[in-house]
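Chemist: Let me begin by handing over the structure; questions about it come next.
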Amino acid sequence: MDEAGFTAALLPRVGEIAAATVAHLTAEIPAYRLLPDSVIAGDLLGNTEAVLRLFLVTLAEGRLPAAPELAAPVAWGAERARDGVPLEAVLRVYSLGAGEAWKLALAAADGADTGIDPYLLGTRLLGFLGEVMPKVAEAYVREQADLDWEQREHGRNLADVLLAGRPARRAAERYGRTLAERYDVVVFRLPDAPGGAAAGVLRAVRSELDRDPEVLATLKGEGGVLLVPLAQDGGGGGDGAARRGKGQSPPCAARRLLARLDAATGLPCIAAAATAREHAAVERAHTEAGEVLALAEALGRSPGLYRLADLAVEYQLVQPGPARDALARTLEPLADQPHLLETLREFIAAGYRRAEAADALTVHRNTLTYRLGRIHLLTGHDATDPADARRLAAALTAHDAARGG
């Protein structure tokens, strides 16, 4: 039996082979069991039959499939991307179909010279799969990229609408999206990426956010704004960046997401969040989060997620007014001695511990003690006294805010 005879014998059994292949697919791959019955009995079975028939025709004619003949299976593979079927599951239909054809060929060849040469069949089968599978994979990946772009654009558009204080429900319905009732509005900024890695960092952020399509995001080169859905019973507040250790409540969704972004980029970001308990409050929460982030950066805080409660005292101190100006004037005697301002800043940052402050300043502890004495003499406030220390810390915050405008 030659190729033409083999083809003639198998063509009437294409439906049987396709049905067996589809049965294997639905039994072994959960993704196919999630498809509607109409897709399984229609598109999936029809595509499997068409591909098997195309293989047998090209086998009989001793050629590879032409591009127009592959248009239908390629389009079918791309459509499965929209159904959420993984690429490996899409390609599995070809290996299973080839396995069914191979078993039938071996059965036909069993015994005498009545079957097709298995070596020839295997060669033609591999050549056929080598033509079909890369094109299907390419179409699938292209379709998936389009889907990812669509999802990002939908999320960005919805985020922009909510951040502008406009109703977004109709837009969400148009995009087939469901909005949460409440959001944590997170403003984040990534540190400068080394070398030319900025584009790669942004790709890593986008890739990580693609895993959470319910998070609405609008990104810029150095960071962006995230709208992280809150559970109906979730609060979002009360988990400040400094609260760590035993007995801590589980981290909020925003903190978990930022931890994933840190891990994906390798660049810990600094962020601030505010809770919007209704859509109309998103714009106000965005403003608050932006102010808290700017304050955290101005204070030189370490990477992490901050809320207004974490920086409430500092936030109040930096508001323009006579109280801030009066506090800032406390440090006027140090204006022409920047080394004393630096000493005060490091002493406060070190938690008023002399050894750590001296190490940070790379000076001897006696030098630190001398400088603290000079600060006491010039300002009238002793940084080692608890009451005066609080006054000087507040004065330094007011001083920095006043200088920043």
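Within each chain, counting starts at residue 1; across the structure tokens, chains are named A, B, ... in the order shown, with ligands numbered 1 upward in that order.
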For Ala328 of chain A, list every protein, DNA or RNA residue within 8 Å, evaluated using only C-alpha atoms, and leave out those in the same chain fewer than 5 positions away; present the list as a PDB file with all heavy atoms, in the first residue's frame.

Modeler:
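selection-v5.pdb, written as the output of this step:
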ATOM      1  N   ALA A 395      11.191  70.582  63.843  1.00  0.00           N
ATOM      2  CA  ALA A 395      11.800  71.741  63.197  1.00  0.00           C
ATOM      3  C   ALA A 395      12.510  71.340  61.912  1.00  0.00           C
ATOM      4  O   ALA A 395      12.460  72.060  60.905  1.00  0.00           O
ATOM      5  CB  ALA A 395      12.776  72.428  64.147  1.00  0.00           C
ATOM      6  N   LEU A 396      13.171  70.177  61.921  1.00  0.00           N
ATOM      7  CA  LEU A 396      13.876  69.719  60.720  1.00  0.00           C
ATOM      8  C   LEU A 396      12.885  69.403  59.602  1.00  0.00           C
ATOM      9  O   LEU A 396      13.119  69.751  58.437  1.00  0.00           O
ATOM     10  CB  LEU A 396      14.717  68.489  61.056  1.00  0.00           C
ATOM     11  CG  LEU A 396      15.626  67.977  59.932  1.00  0.00           C
ATOM     12  CD1 LEU A 396      16.634  69.046  59.531  1.00  0.00           C
ATOM     13  CD2 LEU A 396      16.349  66.708  60.372  1.00  0.00           C
ATOM     14  N   THR A 397      11.758  68.781  59.953  1.00  0.00           N
ATOM     15  CA  THR A 397      10.733  68.502  58.946  1.00  0.00           C
ATOM     16  C   THR A 397      10.185  69.807  58.376  1.00  0.00           C
ATOM     17  O   THR A 397      10.019  69.948  57.152  1.00  0.00           O
ATOM     18  CB  THR A 397       9.588  67.686  59.570  1.00  0.00           C
ATOM     19  OG1 THR A 397      10.088  66.427  60.029  1.00  0.00           O
ATOM     20  CG2 THR A 397       8.483  67.423  58.565  1.00  0.00           C
ATOM     21  N   ALA A 398       9.876  70.777  59.226  1.00  0.00           N
ATOM     22  CA  ALA A 398       9.367  72.066  58.777  1.00  0.00           C
ATOM     23  C   ALA A 398      10.408  72.791  57.945  1.00  0.00           C
ATOM     24  O   ALA A 398      10.088  73.425  56.917  1.00  0.00           O
ATOM     25  CB  ALA A 398       8.956  72.911  59.970  1.00  0.00           C
ATOM     26  N   HIS A 399      11.666  72.700  58.337  1.00  0.00           N
ATOM     27  CA  HIS A 399      12.776  73.335  57.607  1.00  0.00           C
ATOM     28  C   HIS A 399      12.875  72.790  56.202  1.00  0.00           C
ATOM     29  O   HIS A 399      12.965  73.532  55.220  1.00  0.00           O
ATOM     30  CB  HIS A 399      14.085  73.116  58.373  1.00  0.00           C
ATOM     31  CG  HIS A 399      15.319  73.458  57.604  1.00  0.00           C
ATOM     32  ND1 HIS A 399      15.984  72.545  56.830  1.00  0.00           N
ATOM     33  CD2 HIS A 399      16.014  74.625  57.496  1.00  0.00           C
ATOM     34  CE1 HIS A 399      17.034  73.120  56.255  1.00  0.00           C
ATOM     35  NE2 HIS A 399      17.075  74.383  56.657  1.00  0.00           N
ATOM     36  N   ALA A 402       9.832  73.896  54.123  1.00  0.00           N
ATOM     37  CA  ALA A 402       9.906  75.302  53.771  1.00  0.00           C
ATOM     38  C   ALA A 402      10.905  75.515  52.633  1.00  0.00           C
ATOM     39  O   ALA A 402      10.663  76.302  51.703  1.00  0.00           O
ATOM     40  CB  ALA A 402      10.311  76.141  54.977  1.00  0.00           C
TER      41      ALA A 402
END

Chemist: Could you state the separation of atom CA of Asn47 of chain A and atom CA of Tyr140 of chain A in Å, given to one decimal place?

Modeler: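 That distance, rounded to one decimal, is 15.2 Å.
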
Chemist: Quick one: of A:Ala281, A:Ile17, A:Leu293, A:Ala168, who's nearest to Val186 of chain A, counting only C-alpha atoms?

Modeler: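 Looking only at the distances to Val186 of chain A, the closest residue turns out to be A:Leu293.
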
Chemist: List the neighbours of Cys269 of chain A out to 9 Å using only C-alpha atoms; skip same-chain residues closer than 2 positions along the sequence, and give me the result as number ranges by chain.

Modeler: A: 188-191, 223, 258-259, 261-262, 267, 271, 302-305

Chemist: Calculated over only C-alpha atoms, which of the candidates A:Asp83, A:Ala401, A:Glu100, A:Arg374 has the smallest distance to Gly321 of chain A?

Modeler: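 That would be A:Ala401, the residue with the smallest distance to Gly321 of chain A.
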
Chemist: So the first atom is atom CA of Glu16 of chain A and the second is atom CA of Thr48 of chain A; what is the distance between them in Å, to one decimal place?

Modeler: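 Those two atoms sit 10.7 Å apart.
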
Chemist: Just the residues within 8 Å of Gly77 of chain A, please, counting only C-alpha atoms, with nothing from its chain fewer than 6 positions along; format it as an MDAnalysis selection string.

Modeler: chainID A and resid 90 136:137 139:140

Chemist: Point out the residue among A:Leu392, A:Ala23, A:Leu120, A:Ala31 with the least atom-to-atom distance to Gly380 of chain A, counting only C-alpha atoms.

Modeler: A:Leu392

Chemist: List as a VMD selection string the protein and nucleic acid residues near Thr7 of chain A, meaning an atom at most 8 Å away when only C-alpha atoms are counted, but skip any in the same chain fewer than 4 places from it.

Modeler: chain A and resid 3 11 56 to 57 59 to 60

Chemist: Would you export the selected residues with N, CA, C and O atoms as a PDB file, in the first residue's frame, please?

Modeler:
ATOM      1  N   GLU A   3       1.361   5.712  -0.446  1.00  0.00           N
ATOM      2  CA  GLU A   3       0.748   6.827   0.275  1.00  0.00           C
ATOM      3  C   GLU A   3      -0.700   7.076  -0.167  1.00  0.00           C
ATOM      4  O   GLU A   3      -1.577   7.357   0.649  1.00  0.00           O
ATOM      5  N   LEU A  11      -9.079   8.182   4.866  1.00  0.00           N
ATOM      6  CA  LEU A  11      -9.973   9.336   4.716  1.00  0.00           C
ATOM      7  C   LEU A  11     -11.385   9.062   5.231  1.00  0.00           C
ATOM      8  O   LEU A  11     -11.983   9.931   5.896  1.00  0.00           O
ATOM      9  N   LEU A  56      -3.585  14.024   5.295  1.00  0.00           N
ATOM     10  CA  LEU A  56      -3.707  12.862   4.413  1.00  0.00           C
ATOM     11  C   LEU A  56      -3.620  13.268   2.945  1.00  0.00           C
ATOM     12  O   LEU A  56      -2.997  12.570   2.126  1.00  0.00           O
ATOM     13  N   VAL A  57      -4.214  14.414   2.604  1.00  0.00           N
ATOM     14  CA  VAL A  57      -4.149  14.884   1.214  1.00  0.00           C
ATOM     15  C   VAL A  57      -2.717  15.222   0.824  1.00  0.00           C
ATOM     16  O   VAL A  57      -2.239  14.825  -0.254  1.00  0.00           O
ATOM     17  N   LEU A  59      -0.062  14.114   2.225  1.00  0.00           N
ATOM     18  CA  LEU A  59       0.716  12.873   2.231  1.00  0.00           C
ATOM     19  C   LEU A  59       0.574  12.156   0.889  1.00  0.00           C
ATOM     20  O   LEU A  59       1.564  11.698   0.290  1.00  0.00           O
ATOM     21  N   ALA A  60      -0.644  12.057   0.416  1.00  0.00           N
ATOM     22  CA  ALA A  60      -0.886  11.371  -0.855  1.00  0.00           C
ATOM     23  C   ALA A  60      -0.221  12.103  -2.008  1.00  0.00           C
ATOM     24  O   ALA A  60       0.254  11.483  -2.971  1.00  0.00           O
TER      25      ALA A  60
END

Chemist: Would you list, as JSON, numbers by chain, the residues of segment 120-334 of chain A that end up in helix (DSSP H, G or I) under DSSP run on this structure's backbone?

Modeler: {"A": [120, 121, 122, 123, 124, 125, 126, 127, 128, 129, 130, 131, 132, 133, 134, 135, 136, 137, 138, 139, 140, 141, 142, 143, 144, 145, 146, 147, 148, 149, 150, 151, 152, 153, 154, 155, 156, 157, 158, 159, 160, 161, 162, 163, 169, 170, 171, 172, 173, 174, 175, 198, 199, 200, 201, 202, 203, 204, 205, 206, 207, 208, 209, 253, 254, 255, 256, 257, 258, 259, 260, 261, 262, 263, 264, 265, 279, 280, 281, 282, 283, 284, 285, 286, 287, 288, 289, 290, 291, 292, 293, 294, 295, 296, 297, 298, 308, 309, 310, 311, 312, 313, 314, 315, 316, 317, 322, 323, 324, 325, 326, 327, 328, 329, 332, 333, 334]}
